[in-house]
>>> print(open('input13.cif').read())   # mmCIF, C-alpha atoms
data_target
#
loop_
_atom_site.group_PDB
_atom_site.id
_atom_site.type_symbol
_atom_site.label_atom_id
_atom_site.label_comp_id
_atom_site.auth_asym_id
_atom_site.auth_seq_id
_atom_site.Cartn_x
_atom_site.Cartn_y
_atom_site.Cartn_z
ATOM 1 C CA ASN A 1 -11.277 24.880 -3.178
ATOM 2 C CA ASP A 2 -12.265 28.325 -1.911
ATOM 3 C CA GLY A 3 -8.647 29.449 -1.678
ATOM 4 C CA LYS A 4 -8.521 29.179 2.117
ATOM 5 C CA ASN A 5 -6.774 26.422 4.038
ATOM 6 C CA ASP A 6 -8.934 24.114 6.145
ATOM 7 C CA ILE A 7 -8.132 22.141 9.289
ATOM 8 C CA LEU A 8 -9.292 18.550 9.532
ATOM 9 C CA ILE A 9 -9.181 16.720 12.844
ATOM 10 C CA VAL A 10 -9.807 13.060 13.621
ATOM 11 C CA TYR A 11 -11.386 12.932 17.061
ATOM 12 C CA LEU A 12 -11.769 9.685 19.034
ATOM 13 C CA ASP A 13 -14.563 9.955 21.583
ATOM 14 C CA ASP A 14 -14.241 7.127 24.128
ATOM 15 C CA SER A 15 -16.451 8.703 26.780
ATOM 16 C CA ALA A 16 -19.198 6.115 26.188
ATOM 17 C CA ASP A 17 -19.108 2.303 26.188
ATOM 18 C CA VAL A 18 -18.783 2.269 22.393
ATOM 19 C CA GLN A 19 -16.056 4.497 20.949
ATOM 20 C CA LYS A 20 -17.010 6.914 18.189
ATOM 21 C CA THR A 21 -14.551 8.374 15.701
ATOM 22 C CA PHE A 22 -15.323 11.721 14.081
ATOM 23 C CA LEU A 23 -13.760 13.707 11.271
ATOM 24 C CA ARG A 24 -14.280 17.419 11.852
ATOM 25 C CA MET A 25 -13.554 20.206 9.385
ATOM 26 C CA PHE A 26 -12.799 23.780 10.458
ATOM 27 C CA SER A 27 -12.079 26.909 8.478
ATOM 28 C CA LEU A 28 -11.044 30.442 9.311
ATOM 29 C CA THR A 29 -13.592 33.200 8.749
ATOM 30 C CA GLY A 30 -12.922 36.782 7.682
ATOM 31 C CA LYS A 31 -13.038 37.699 11.375
ATOM 32 C CA LYS A 32 -10.246 35.194 12.039
ATOM 33 C CA GLU A 33 -12.566 32.890 13.943
ATOM 34 C CA PHE A 34 -12.546 29.102 13.568
ATOM 35 C CA VAL A 35 -15.871 27.674 12.444
ATOM 36 C CA LYS A 36 -16.772 23.967 12.190
ATOM 37 C CA TYR A 37 -18.167 23.502 8.698
ATOM 38 C CA ALA A 38 -18.633 19.749 8.637
ATOM 39 C CA GLU A 39 -18.521 16.626 10.769
ATOM 40 C CA MET A 40 -18.947 12.940 9.985
ATOM 41 C CA LEU A 41 -18.571 9.562 11.681
ATOM 42 C CA LEU A 42 -15.650 7.364 10.657
ATOM 43 C CA ASP A 43 -15.089 3.671 11.345
ATOM 44 C CA SER A 44 -15.159 3.144 15.113
ATOM 45 C CA SER A 45 -12.385 0.519 15.022
ATOM 46 C CA ALA A 46 -9.753 3.236 14.497
ATOM 47 C CA ALA A 47 -7.468 3.333 17.537
ATOM 48 C CA SER A 48 -5.167 6.044 16.202
ATOM 49 C CA VAL A 49 -4.153 7.844 13.017
ATOM 50 C CA TYR A 50 -0.914 6.752 11.322
ATOM 51 C CA ASP A 51 -0.891 9.068 8.305
ATOM 52 C CA MET A 52 -3.056 11.638 6.483
ATOM 53 C CA ARG A 53 -2.680 12.738 2.850
ATOM 54 C CA CYS A 54 -4.816 14.644 0.374
ATOM 55 C CA ASP A 55 -5.082 15.238 -3.349
ATOM 56 C CA THR A 56 -7.448 16.725 -5.913
ATOM 57 C CA ALA A 57 -9.227 14.448 -8.385
ATOM 58 C CA ASN A 58 -11.363 15.400 -11.362
ATOM 59 C CA LYS A 59 -14.502 13.655 -12.554
ATOM 60 C CA GLY A 60 -15.974 15.277 -15.632
ATOM 61 C CA SER A 61 -16.040 19.020 -15.070
ATOM 62 C CA LYS A 62 -16.076 18.701 -11.271
ATOM 63 C CA SER A 63 -13.096 18.782 -8.945
ATOM 64 C CA PHE A 64 -12.958 16.782 -5.713
ATOM 65 C CA LYS A 65 -10.672 17.267 -2.733
ATOM 66 C CA ARG A 66 -9.888 13.850 -1.259
ATOM 67 C CA LEU A 67 -8.529 12.996 2.183
ATOM 68 C CA PHE A 68 -6.795 9.663 2.862
ATOM 69 C CA VAL A 69 -6.668 8.731 6.551
ATOM 70 C CA SER A 70 -4.557 5.684 7.432
ATOM 71 C CA CYS A 71 -6.078 4.335 10.659
ATOM 72 C CA LEU A 72 -4.441 1.845 12.998
ATOM 73 C CA LYS A 73 -6.637 -0.727 14.716
ATOM 74 C CA THR A 74 -5.981 -2.101 18.197
ATOM 75 C CA ASP A 75 -4.415 -5.248 16.659
ATOM 76 C CA SER A 76 -1.857 -3.020 14.794
ATOM 77 C CA THR A 77 -3.424 -3.692 11.379
ATOM 78 C CA MET A 78 -4.266 -0.658 9.267
ATOM 79 C CA PHE A 79 -7.058 0.510 6.987
ATOM 80 C CA THR A 80 -7.828 3.583 4.901
ATOM 81 C CA GLU A 81 -10.700 5.975 5.351
ATOM 82 C CA LEU A 82 -11.209 7.824 2.059
ATOM 83 C CA VAL A 83 -13.262 10.998 2.395
ATOM 84 C CA TYR A 84 -13.987 13.700 -0.169
ATOM 85 C CA TRP A 85 -15.662 17.080 -0.211
ATOM 86 C CA ASP A 86 -18.825 16.918 -2.308
ATOM 87 C CA PRO A 87 -19.220 20.274 -4.108
ATOM 88 C CA ASP A 88 -22.907 19.595 -4.813
ATOM 89 C CA SER A 89 -24.096 18.894 -1.267
ATOM 90 C CA LEU A 90 -21.304 20.978 0.322
ATOM 91 C CA SER A 91 -20.578 18.186 2.756
ATOM 92 C CA LEU A 92 -18.069 15.436 3.526
ATOM 93 C CA SER A 93 -18.721 11.983 2.026
ATOM 94 C CA ARG A 94 -17.117 8.596 2.668
ATOM 95 C CA VAL A 95 -16.101 6.286 -0.189
ATOM 96 C CA PHE A 96 -15.885 2.975 1.733
ATOM 97 C CA ASP A 97 -18.866 1.737 3.748
ATOM 98 C CA ASP A 98 -16.787 -0.745 5.754
ATOM 99 C CA PRO A 99 -13.156 0.410 5.400
ATOM 100 C CA SER A 100 -11.730 -1.689 8.250
ATOM 101 C CA PHE A 101 -12.594 -4.707 6.092
ATOM 102 C CA SER A 102 -12.801 -3.509 2.472
ATOM 103 C CA ALA A 103 -9.787 -1.154 2.673
ATOM 104 C CA LEU A 104 -7.546 -3.208 4.968
ATOM 105 C CA THR A 105 -3.864 -2.744 4.152
ATOM 106 C CA ALA A 106 -0.545 -4.090 5.393
ATOM 107 C CA ALA A 107 0.941 -2.439 8.459
ATOM 108 C CA ASN A 108 2.964 0.688 7.569
ATOM 109 C CA VAL A 109 1.983 0.596 3.867
ATOM 110 C CA THR A 110 0.194 3.898 3.340
ATOM 111 C CA CYS A 111 -1.605 5.438 0.373
ATOM 112 C CA ARG A 112 0.580 6.892 -2.394
ATOM 113 C CA ASP A 113 0.616 7.669 -6.093
ATOM 114 C CA ILE A 114 1.902 4.212 -7.029
ATOM 115 C CA ASP A 115 1.581 4.652 -10.825
ATOM 116 C CA PHE A 116 2.511 8.373 -11.096
ATOM 117 C CA ASP A 117 -0.816 9.374 -12.684
ATOM 118 C CA GLY A 118 -1.242 12.345 -10.343
ATOM 119 C CA TYR A 119 -3.793 10.613 -8.077
ATOM 120 C CA ILE A 120 -3.229 8.839 -4.777
ATOM 121 C CA GLU A 121 -4.154 5.139 -4.702
ATOM 122 C CA VAL A 122 -5.430 3.058 -1.770
ATOM 123 C CA PRO A 123 -3.640 -0.252 -0.990
ATOM 124 C CA VAL A 124 -5.843 -3.243 -0.163
ATOM 125 C CA ILE A 125 -4.544 -6.671 0.886
ATOM 126 C CA ASP A 126 -4.956 -9.465 -1.659
ATOM 127 C CA LYS A 127 -3.795 -13.085 -1.540
ATOM 128 C CA ILE A 128 -0.797 -14.277 -3.493
ATOM 129 C CA SER A 129 -0.897 -17.677 -5.179
ATOM 130 C CA GLY A 130 1.385 -20.370 -3.807
ATOM 131 C CA LEU A 131 1.971 -22.978 -1.137
ATOM 132 C CA PRO A 132 1.124 -21.839 2.423
ATOM 133 C CA ASP A 133 4.532 -22.886 3.800
ATOM 134 C CA ASP A 134 6.291 -20.734 1.167
ATOM 135 C CA LEU A 135 4.214 -17.627 1.777
ATOM 136 C CA SER A 136 5.244 -16.984 5.376
ATOM 137 C CA VAL A 137 8.522 -16.895 7.267
ATOM 138 C CA THR A 138 9.316 -16.726 10.983
ATOM 139 C CA THR A 139 12.265 -14.613 12.028
ATOM 140 C CA ASP A 140 13.119 -13.022 15.385
ATOM 141 C CA GLU A 141 10.102 -14.799 16.894
ATOM 142 C CA LYS A 142 7.775 -12.974 14.499
ATOM 143 C CA THR A 143 5.869 -14.434 11.573
ATOM 144 C CA TYR A 144 5.685 -12.445 8.335
ATOM 145 C CA THR A 145 3.276 -13.225 5.505
ATOM 146 C CA PHE A 146 3.988 -12.317 1.893
ATOM 147 C CA MET A 147 1.021 -10.789 0.100
ATOM 148 C CA LEU A 148 -0.239 -8.838 -2.859
ATOM 149 C CA LEU A 149 -1.634 -5.325 -2.635
ATOM 150 C CA ARG A 150 -4.308 -4.042 -5.017
ATOM 151 C CA TRP A 151 -4.143 -0.269 -5.463
ATOM 152 C CA LEU A 152 -7.548 1.407 -5.834
ATOM 153 C CA ASN A 153 -8.265 4.801 -7.341
ATOM 154 C CA CYS A 154 -11.880 5.541 -6.508
ATOM 155 C CA ILE A 155 -12.479 8.916 -8.163
ATOM 156 C CA GLY A 156 -10.922 10.313 -11.322
ATOM 157 C CA ASP A 157 -9.178 7.078 -12.266
ATOM 158 C CA LYS A 158 -6.785 7.446 -15.207
ATOM 159 C CA SER A 159 -5.269 3.980 -14.784
ATOM 160 C CA LYS A 160 -5.645 1.688 -17.786
ATOM 161 C CA ARG A 161 -5.021 -1.491 -15.809
ATOM 162 C CA GLU A 162 -5.487 -2.974 -12.367
ATOM 163 C CA ILE A 163 -2.472 -2.013 -10.245
ATOM 164 C CA VAL A 164 -1.132 -4.946 -8.229
ATOM 165 C CA SER A 165 2.099 -5.080 -6.237
ATOM 166 C CA PHE A 166 3.972 -7.685 -4.218
ATOM 167 C CA TYR A 167 4.780 -6.741 -0.622
ATOM 168 C CA ASN A 168 7.708 -8.269 1.237
ATOM 169 C CA PRO A 169 7.263 -7.413 4.951
ATOM 170 C CA VAL A 170 10.566 -9.075 5.937
ATOM 171 C CA ASP A 171 12.802 -6.891 3.772
ATOM 172 C CA SER A 172 10.269 -4.030 3.515
ATOM 173 C CA TYR A 173 9.833 -3.442 -0.186
ATOM 174 C CA ILE A 174 7.075 -3.211 -2.791
ATOM 175 C CA LEU A 175 7.380 -4.563 -6.328
ATOM 176 C CA LEU A 176 4.789 -3.926 -9.036
ATOM 177 C CA PHE A 177 3.446 -7.359 -9.953
ATOM 178 C CA PRO A 178 1.754 -7.754 -13.368
ATOM 179 C CA TRP A 179 1.746 -11.570 -13.206
ATOM 180 C CA LYS A 180 -0.719 -11.883 -10.314
ATOM 181 C CA ASP A 181 -2.026 -15.511 -10.416
ATOM 182 C CA ASP A 182 0.849 -16.930 -12.516
ATOM 183 C CA VAL A 183 3.813 -16.222 -10.218
ATOM 184 C CA THR A 184 4.527 -17.182 -6.609
ATOM 185 C CA VAL A 185 7.428 -16.670 -4.189
ATOM 186 C CA LYS A 186 9.773 -18.742 -2.065
ATOM 187 C CA TYR A 187 11.920 -17.103 0.622
ATOM 188 C CA ASP A 188 15.403 -18.250 1.599
ATOM 189 C CA ARG A 189 15.775 -17.008 5.154
ATOM 190 C CA SER A 190 19.493 -17.857 5.394
ATOM 191 C CA THR A 191 20.383 -15.472 2.543
ATOM 192 C CA ALA A 192 17.389 -13.064 2.712
ATOM 193 C CA THR A 193 16.563 -13.894 -0.898
ATOM 194 C CA THR A 194 13.093 -13.905 -2.398
ATOM 195 C CA LYS A 195 12.760 -16.250 -5.370
ATOM 196 C CA PHE A 196 9.964 -15.500 -7.827
ATOM 197 C CA CYS A 197 8.781 -18.665 -9.592
ATOM 198 C CA SER A 198 6.047 -19.630 -12.029
ATOM 199 C CA TRP A 199 2.883 -21.042 -10.445
ATOM 200 C CA SER A 200 0.435 -23.608 -11.813
ATOM 201 C CA SER A 201 -3.019 -23.105 -10.348
ATOM 202 C CA PHE A 202 -4.171 -26.291 -12.110
ATOM 203 C CA ASN A 203 -1.590 -28.473 -10.338
ATOM 204 C CA SER A 204 -1.065 -26.182 -7.318
ATOM 205 C CA SER A 205 2.670 -26.484 -7.886
ATOM 206 C CA VAL A 206 5.730 -24.228 -8.023
ATOM 207 C CA GLY A 207 7.576 -24.135 -11.348
ATOM 208 C CA ASP A 208 10.803 -22.642 -12.645
ATOM 209 C CA GLU A 209 12.437 -19.588 -11.105
ATOM 210 C CA LEU A 210 12.079 -16.350 -13.083
ATOM 211 C CA PHE A 211 14.188 -14.002 -10.967
ATOM 212 C CA SER A 212 15.315 -13.387 -7.400
ATOM 213 C CA ILE A 213 15.800 -10.355 -5.143
ATOM 214 C CA HIS A 214 18.535 -10.433 -2.507
ATOM 215 C CA CYS A 215 18.588 -8.020 0.455
ATOM 216 C CA VAL A 216 21.911 -7.363 2.232
ATOM 217 C CA GLU A 217 23.295 -4.879 4.732
ATOM 218 C CA LEU A 218 25.688 -2.355 3.217
ATOM 219 C CA ASP A 219 28.405 -3.131 5.749
ATOM 220 C CA ASP A 220 28.438 -6.808 4.749
ATOM 221 C CA LEU A 221 28.374 -7.531 1.014
ATOM 222 C CA SER A 222 30.256 -10.798 1.282
ATOM 223 C CA GLY A 223 27.210 -12.861 0.313
ATOM 224 C CA VAL A 224 26.651 -11.072 -3.003
ATOM 225 C CA SER A 225 27.702 -13.060 -6.074
ATOM 226 C CA ASP A 226 29.248 -11.683 -9.260
ATOM 227 C CA LYS A 227 26.075 -12.568 -11.187
ATOM 228 C CA GLU A 228 23.877 -10.227 -9.149
ATOM 229 C CA GLN A 229 23.050 -6.696 -10.295
ATOM 230 C CA VAL A 230 22.182 -3.695 -8.150
ATOM 231 C CA LEU A 231 18.442 -3.090 -7.909
ATOM 232 C CA TYR A 232 18.188 -0.371 -5.239
ATOM 233 C CA LYS A 233 20.172 1.036 -2.312
ATOM 234 C CA THR A 234 19.106 2.722 0.910
ATOM 235 C CA SER A 235 21.332 4.234 3.595
ATOM 236 C CA THR A 236 21.625 0.857 5.330
ATOM 237 C CA HIS A 237 20.687 -1.875 2.820
ATOM 238 C CA ALA A 238 21.221 -2.861 -0.785
ATOM 239 C CA PHE A 239 18.982 -4.950 -3.015
ATOM 240 C CA TYR A 240 20.403 -7.110 -5.791
ATOM 241 C CA PHE A 241 18.679 -9.196 -8.448
ATOM 242 C CA THR A 242 19.334 -12.010 -10.877
ATOM 243 C CA ILE A 243 17.161 -13.067 -13.826
ATOM 244 C CA SER A 244 17.104 -16.673 -15.032
ATOM 245 C CA ARG A 245 17.040 -17.665 -18.693
ATOM 246 C CA TYR A 246 13.457 -18.763 -18.196
ATOM 247 C CA GLY A 247 12.640 -15.340 -16.752
ATOM 248 C CA GLU A 248 14.222 -13.625 -19.738
ATOM 249 C CA SER A 249 12.150 -15.784 -22.104
ATOM 250 C CA MET A 250 9.030 -14.674 -20.172
ATOM 251 C CA GLY A 251 9.889 -10.993 -20.704
ATOM 252 C CA VAL A 252 11.551 -10.156 -17.379
ATOM 253 C CA SER A 253 14.331 -7.618 -17.893
ATOM 254 C CA ALA A 254 16.630 -5.508 -15.740
ATOM 255 C CA ASN A 255 14.794 -2.331 -16.745
ATOM 256 C CA SER A 256 11.369 -3.784 -15.925
ATOM 257 C CA LEU A 257 12.510 -4.862 -12.437
ATOM 258 C CA ILE A 258 14.281 -1.587 -11.633
ATOM 259 C CA SER A 259 11.279 0.488 -12.748
ATOM 260 C CA SER A 260 8.853 -1.732 -10.788
ATOM 261 C CA PHE A 261 10.743 -1.699 -7.484
#
>>> encode(input="input13.cif", output="structure tokens")
Amino acid sequence: NDGKNDILIVYLDDSADVQKTFLRMFSLTGKKEFVKYAEMLLDSSAASVYDMRCDTANKGSKSFKRLFVSCLKTDSTMFTELVYWDPDSLSLSRVFDDPSFSALTAANVTCRDIDFDGYIEVPVIDKISGLPDDLSVTTDEKTYTFMLLRWLNCIGDKSKREIVSFYNPVDSYILLFPWKDDVTVKYDRSTATTKFCSWSSFNSSVGDELFSIHCVELDDLSGVSDKEQVLYKTSTHAFYFTISRYGESMGVSANSLISSF
């Protein structure tokens, strides 16, 4: 926050038996020379960097610059290193002690301002309630697992509630998910339809369907019924939804689904 741009570099040092990962911060002096102002160790399990983003968060009267580094591990899973500039100690500080475990996220799901409060949130994998056979699907010789993501805001949090979303890795979408433990999913592979149903944790059983989301390719809409409404369209795919009477009685509406997708 001194008015000058800084350069931050993630450096993987594999010259020794145990790899070390550094974050290094450089700035340009008045003599137009680059000077390294700070350096810190990051989680050594980072194999490469997938994405880097930054924002400014406020806590009381102090302002913090935060850096979100999405790191890929060798097994293609991803985690977030959250680092901020501490104006008191004039140094870099890490938020997560063990990010490769505590800040593990789904592959390709990066940090973002999920609730539009002006701050970037960190996605962390959480389990979704349901029957194990319903929560995964094998297609094209690859197994996908449906999951929840909890979105953390570690400094300057303005959120009034815990932010939880459903992640569908087969059709690649995120849906804000306020029901958490009370709703589960079933996937119809033949029609690429995700059915969202009530869930009884007491009986460990799937109940009535609330709504469904159907993914289709734009060049083939033959499988879309007249009852389905448009949820979202990309350049190649369209998403449609239907809401059951039970879902309507539970407060699910077209507006709530469209705004949560």
>>> closest_residue(input="input13.cif", among="A:Ser136, A:Tyr37, A:Ile163, A:Ser204", to="Ile114 of chain A", atoms="only C-alpha atoms")
A:Ile163
>>> resolve_selection(input="input13.cif", expression="the PyMOL selection byres ((chain A and resi 188) around 12)", output="list in words")
Asp134, Leu135, Ser136, Val137, Thr138, Thr139, Val170, Asp171, Val185, Lys186, Tyr187, Arg189, Ser190, Thr191, Ala192, Thr193, Thr194, Lys195, Phe196, Ser212, Ile213, His214 and Cys215 of chain A
>>> closest_residue(input="input13.cif", among="A:Asn5, A:Ser100, A:Ser259, A:Asn58", to="Cys154 of chain A", atoms="all atoms listed in the file")
A:Asn58
>>> axis_aligned_box(input="input13.cif", around="segment 33-37 of chain A", padding_each_side="8 Å", output="AutoDock Vina command-line options")
--center_x -15.4 --center_y 28.2 --center_z 11.3 --size_x 21.6 --size_y 25.4 --size_z 21.2
>>> resolve_selection(input="input13.cif", expression="the PyMOL selection byres ((chain A and resi 42-50) around 10)", output="ChimeraX atom specification")
/A:10-14,18-23,39-41,51-52,69-83,94,96-100,107-108,110
>>> resolve_selection(input="input13.cif", expression="the PyMOL selection byres ((chain A and resi 207) around 12)", output="number ranges by chain")
A: 130-131, 182-186, 195-206, 208-210, 246-247
>>> atom_distance(input="input13.cif", atom1="atom CA of Leu231 of chain A", atom2="atom CA of Asp115 of chain A")
18.8 Å
>>> residues_near_point(input="input13.cif", point="(-21.9, 20.5, 1.8)", cutoff="12 Å", atoms="only C-alpha atoms", output="PDB file with C-alpha atoms, in the coordinates of the input")
ATOM      1  CA  MET A  25     -13.554  20.206   9.385  1.00  0.00           C
ATOM      2  CA  TYR A  37     -18.167  23.502   8.698  1.00  0.00           C
ATOM      3  CA  ALA A  38     -18.633  19.749   8.637  1.00  0.00           C
ATOM      4  CA  GLU A  39     -18.521  16.626  10.769  1.00  0.00           C
ATOM      5  CA  MET A  40     -18.947  12.940   9.985  1.00  0.00           C
ATOM      6  CA  TYR A  84     -13.987  13.700  -0.169  1.00  0.00           C
ATOM      7  CA  TRP A  85     -15.662  17.080  -0.211  1.00  0.00           C
ATOM      8  CA  ASP A  86     -18.825  16.918  -2.308  1.00  0.00           C
ATOM      9  CA  PRO A  87     -19.220  20.274  -4.108  1.00  0.00           C
ATOM     10  CA  ASP A  88     -22.907  19.595  -4.813  1.00  0.00           C
ATOM     11  CA  SER A  89     -24.096  18.894  -1.267  1.00  0.00           C
ATOM     12  CA  LEU A  90     -21.304  20.978   0.322  1.00  0.00           C
ATOM     13  CA  SER A  91     -20.578  18.186   2.756  1.00  0.00           C
ATOM     14  CA  LEU A  92     -18.069  15.436   3.526  1.00  0.00           C
ATOM     15  CA  SER A  93     -18.721  11.983   2.026  1.00  0.00           C
TER      16      SER A  93
END
>>> atom_distance(input="input13.cif", atom1="atom CA of Leu148 of chain A", atom2="atom CA of Tyr167 of chain A")
5.9 Å
>>> decode(input="input13.cif", residues="segment 138-147 of chain A", atoms="all heavy atoms", output="mmCIF file, in the first residue's frame")
data_model
loop_
_atom_site.group_PDB
_atom_site.id
_atom_site.type_symbol
_atom_site.label_atom_id
_atom_site.label_comp_id
_atom_site.auth_asym_id
_atom_site.auth_seq_id
_atom_site.Cartn_x
_atom_site.Cartn_y
_atom_site.Cartn_z
ATOM 1 N N THR A 138 -18.995 -42.731 -12.636
ATOM 2 C CA THR A 138 -17.877 -43.050 -13.519
ATOM 3 C C THR A 138 -18.300 -42.811 -14.958
ATOM 4 O O THR A 138 -19.300 -43.354 -15.425
ATOM 5 C CB THR A 138 -17.436 -44.510 -13.347
ATOM 6 O OG1 THR A 138 -17.032 -44.727 -11.990
ATOM 7 C CG2 THR A 138 -16.262 -44.834 -14.261
ATOM 8 N N THR A 139 -17.543 -41.974 -15.637
ATOM 9 C CA THR A 139 -17.817 -41.683 -17.037
ATOM 10 C C THR A 139 -16.491 -41.482 -17.755
ATOM 11 O O THR A 139 -15.553 -40.892 -17.201
ATOM 12 C CB THR A 139 -18.692 -40.422 -17.186
ATOM 13 O OG1 THR A 139 -18.852 -40.133 -18.567
ATOM 14 C CG2 THR A 139 -18.104 -39.234 -16.472
ATOM 15 N N ASP A 140 -16.391 -42.013 -18.970
ATOM 16 C CA ASP A 140 -15.149 -41.914 -19.749
ATOM 17 C C ASP A 140 -13.957 -42.450 -18.958
ATOM 18 O O ASP A 140 -12.859 -41.871 -18.972
ATOM 19 C CB ASP A 140 -14.890 -40.467 -20.181
ATOM 20 C CG ASP A 140 -15.996 -39.923 -21.064
ATOM 21 O OD1 ASP A 140 -16.579 -40.720 -21.808
ATOM 22 O OD2 ASP A 140 -16.274 -38.716 -20.981
ATOM 23 N N GLU A 141 -14.202 -43.540 -18.248
ATOM 24 C CA GLU A 141 -13.156 -44.229 -17.467
ATOM 25 C C GLU A 141 -12.578 -43.346 -16.360
ATOM 26 O O GLU A 141 -11.472 -43.574 -15.879
ATOM 27 C CB GLU A 141 -12.032 -44.726 -18.382
ATOM 28 C CG GLU A 141 -12.501 -45.726 -19.441
ATOM 29 C CD GLU A 141 -11.370 -46.240 -20.298
ATOM 30 O OE1 GLU A 141 -10.239 -45.716 -20.151
ATOM 31 O OE2 GLU A 141 -11.605 -47.151 -21.100
ATOM 32 N N LYS A 142 -13.344 -42.346 -15.935
ATOM 33 C CA LYS A 142 -12.911 -41.492 -14.834
ATOM 34 C C LYS A 142 -14.022 -41.391 -13.812
ATOM 35 O O LYS A 142 -15.195 -41.292 -14.172
ATOM 36 C CB LYS A 142 -12.544 -40.093 -15.347
ATOM 37 C CG LYS A 142 -11.963 -39.176 -14.280
ATOM 38 C CD LYS A 142 -11.498 -37.868 -14.877
ATOM 39 C CE LYS A 142 -10.883 -36.964 -13.824
ATOM 40 N NZ LYS A 142 -10.411 -35.681 -14.392
ATOM 41 N N THR A 143 -13.658 -41.441 -12.538
ATOM 42 C CA THR A 143 -14.644 -41.366 -11.471
ATOM 43 C C THR A 143 -14.683 -39.954 -10.895
ATOM 44 O O THR A 143 -13.651 -39.397 -10.524
ATOM 45 C CB THR A 143 -14.325 -42.368 -10.346
ATOM 46 O OG1 THR A 143 -14.354 -43.692 -10.888
ATOM 47 C CG2 THR A 143 -15.344 -42.269 -9.221
ATOM 48 N N TYR A 144 -15.884 -39.387 -10.847
ATOM 49 C CA TYR A 144 -16.101 -38.056 -10.289
ATOM 50 C C TYR A 144 -16.872 -38.200 -8.976
ATOM 51 O O TYR A 144 -17.773 -39.027 -8.857
ATOM 52 C CB TYR A 144 -16.908 -37.182 -11.245
ATOM 53 C CG TYR A 144 -16.228 -36.909 -12.561
ATOM 54 C CD1 TYR A 144 -16.415 -37.773 -13.647
ATOM 55 C CD2 TYR A 144 -15.421 -35.794 -12.743
ATOM 56 C CE1 TYR A 144 -15.810 -37.518 -14.865
ATOM 57 C CE2 TYR A 144 -14.813 -35.530 -13.954
ATOM 58 C CZ TYR A 144 -15.006 -36.401 -15.016
ATOM 59 O OH TYR A 144 -14.406 -36.147 -16.223
ATOM 60 N N THR A 145 -16.531 -37.370 -8.008
ATOM 61 C CA THR A 145 -17.212 -37.387 -6.719
ATOM 62 C C THR A 145 -17.865 -36.036 -6.472
ATOM 63 O O THR A 145 -17.207 -34.993 -6.558
ATOM 64 C CB THR A 145 -16.225 -37.691 -5.572
ATOM 65 O OG1 THR A 145 -15.612 -38.965 -5.816
ATOM 66 C CG2 THR A 145 -16.950 -37.743 -4.237
ATOM 67 N N PHE A 146 -19.163 -36.062 -6.184
ATOM 68 C CA PHE A 146 -19.873 -34.832 -5.841
ATOM 69 C C PHE A 146 -19.491 -34.419 -4.425
ATOM 70 O O PHE A 146 -19.262 -35.269 -3.555
ATOM 71 C CB PHE A 146 -21.383 -35.045 -5.946
ATOM 72 C CG PHE A 146 -21.818 -35.496 -7.308
ATOM 73 C CD1 PHE A 146 -22.220 -36.799 -7.526
ATOM 74 C CD2 PHE A 146 -21.802 -34.613 -8.377
ATOM 75 C CE1 PHE A 146 -22.600 -37.216 -8.792
ATOM 76 C CE2 PHE A 146 -22.184 -35.019 -9.644
ATOM 77 C CZ PHE A 146 -22.590 -36.334 -9.854
ATOM 78 N N MET A 147 -19.445 -33.133 -4.182
ATOM 79 C CA MET A 147 -18.965 -32.654 -2.877
ATOM 80 C C MET A 147 -19.541 -31.283 -2.563
ATOM 81 O O MET A 147 -20.113 -30.610 -3.424
ATOM 82 C CB MET A 147 -17.436 -32.583 -2.872
ATOM 83 C CG MET A 147 -16.866 -31.556 -3.828
ATOM 84 S SD MET A 147 -15.062 -31.611 -3.977
ATOM 85 C CE MET A 147 -14.841 -33.163 -4.869
#
